[in-house]
Amino acid sequence: MSAESTATNGQRQLLRWTHRLTLATLGACLAFVALATQGDATPTRERTLAALALAAITILARRLAALAGPSAALRVGLLLGSFAAALGLAALGVGIAMQEEARQTGLLFVAAAVIFAIRPPLRADGQIS
């Protein structure tokens, strides 16, 4: 592996810290939707499409970051983008649960964000995964 594709200590620390903060935020969103919302309405089509787009961005950014070709800086940026998209999906889930009283759909979107973000961005050897 070339030096160009190896993450620096600062990049690895940034990814670890951002990953932990993302998971903590997603956990808070999940608890909020589960405990503080109610209702069983169906969300609008536009919000559902937005959720699907955010999920696709999360998955695509994560997959592109896993490729061996891009530089470490690009891979770190893609991973940070995947975390941001997962947080956006969770925020959309909270918004749907609160504004449209669609608790189950909100829980589904937040839970999907947790699933997309739960895998650590670094392997045990410190390389970007």
# chains A, B, ... in the order shown; residues from 1 in each chain; ligands from 1
$ select_by_dssp --residues "chain A" --states "helix (DSSP H, G or I)" --output "PyMOL selection string"
chain A and resi 3-5+9-36+45-66+72-99+103-117
$ closest_atom_pairs --of "range 18-59 of chain A" --to "range 80-88 of chain A" --cutoff "9 Å" --atoms "only C-alpha atoms" --output "Markdown table"
| residue | atom | partner | partner_atom | distance |
| --- | --- | --- | --- | --- |
| A:Thr18 | CA | A:Leu80 | CA | 7.6 |
| A:His19 | CA | A:Phe83 | CA | 7.3 |
| A:Thr22 | CA | A:Phe83 | CA | 6.7 |
| A:Thr25 | CA | A:Leu87 | CA | 7.8 |
| A:Leu26 | CA | A:Leu87 | CA | 6.9 |
| A:Ala51 | CA | A:Gly88 | CA | 8.5 |
| A:Leu54 | CA | A:Ala85 | CA | 5.5 |
| A:Ala55 | CA | A:Ala86 | CA | 7.0 |
| A:Ala56 | CA | A:Ala85 | CA | 9.0 |
| A:Ile57 | CA | A:Ala85 | CA | 6.5 |
| A:Thr58 | CA | A:Ser82 | CA | 4.4 |
| A:Ile59 | CA | A:Ser82 | CA | 7.1 |
$ write_last_selection --atoms "N, CA and C atoms" --output "compact mmCIF listing (two decimals), in the first residue's frame"
# COMPACT_ATOMS: atom_id res chain seq x y z
N THR A 18 -15.46 11.06 14.77
CA THR A 18 -16.68 11.32 14.02
C THR A 18 -17.61 10.12 14.04
N HIS A 19 -17.05 8.93 13.95
CA HIS A 19 -17.86 7.71 14.00
C HIS A 19 -18.57 7.59 15.34
N THR A 22 -21.26 10.25 15.60
CA THR A 22 -22.38 9.89 14.74
C THR A 22 -23.25 8.83 15.41
N THR A 25 -25.22 10.32 18.31
CA THR A 25 -26.32 11.15 17.82
C THR A 25 -27.45 10.28 17.29
N LEU A 26 -27.10 9.24 16.55
CA LEU A 26 -28.13 8.34 16.03
C LEU A 26 -28.86 7.62 17.16
N ALA A 51 -35.45 9.99 1.67
CA ALA A 51 -34.83 8.97 2.53
C ALA A 51 -34.10 7.92 1.70
N LEU A 54 -30.84 9.50 0.44
CA LEU A 54 -29.83 9.58 1.49
C LEU A 54 -29.25 8.20 1.80
N ALA A 55 -30.09 7.19 1.79
CA ALA A 55 -29.60 5.83 2.02
C ALA A 55 -28.65 5.41 0.90
N ALA A 56 -29.01 5.71 -0.34
CA ALA A 56 -28.15 5.37 -1.47
C ALA A 56 -26.82 6.11 -1.40
N ILE A 57 -26.84 7.38 -1.02
CA ILE A 57 -25.61 8.16 -0.88
C ILE A 57 -24.72 7.56 0.21
N THR A 58 -25.33 7.17 1.32
CA THR A 58 -24.58 6.57 2.42
C THR A 58 -23.86 5.30 1.95
N ILE A 59 -24.59 4.45 1.27
CA ILE A 59 -24.02 3.18 0.81
C ILE A 59 -22.96 3.41 -0.25
$ closest_residue --among "A:Leu74, A:Val114, A:Leu49, A:Leu35" --to "Leu23 in chain A" --atoms "only C-alpha atoms"
A:Val114
$ residues_around --residues "Leu108 in chain A" --least-positions-apart "2" --cutoff "12 Å" --atoms "only C-alpha atoms" --output "ChimeraX atom specification"
/A:29-30,33-34,43,48,51-52,55,89-94,96-97,102-106,110-115
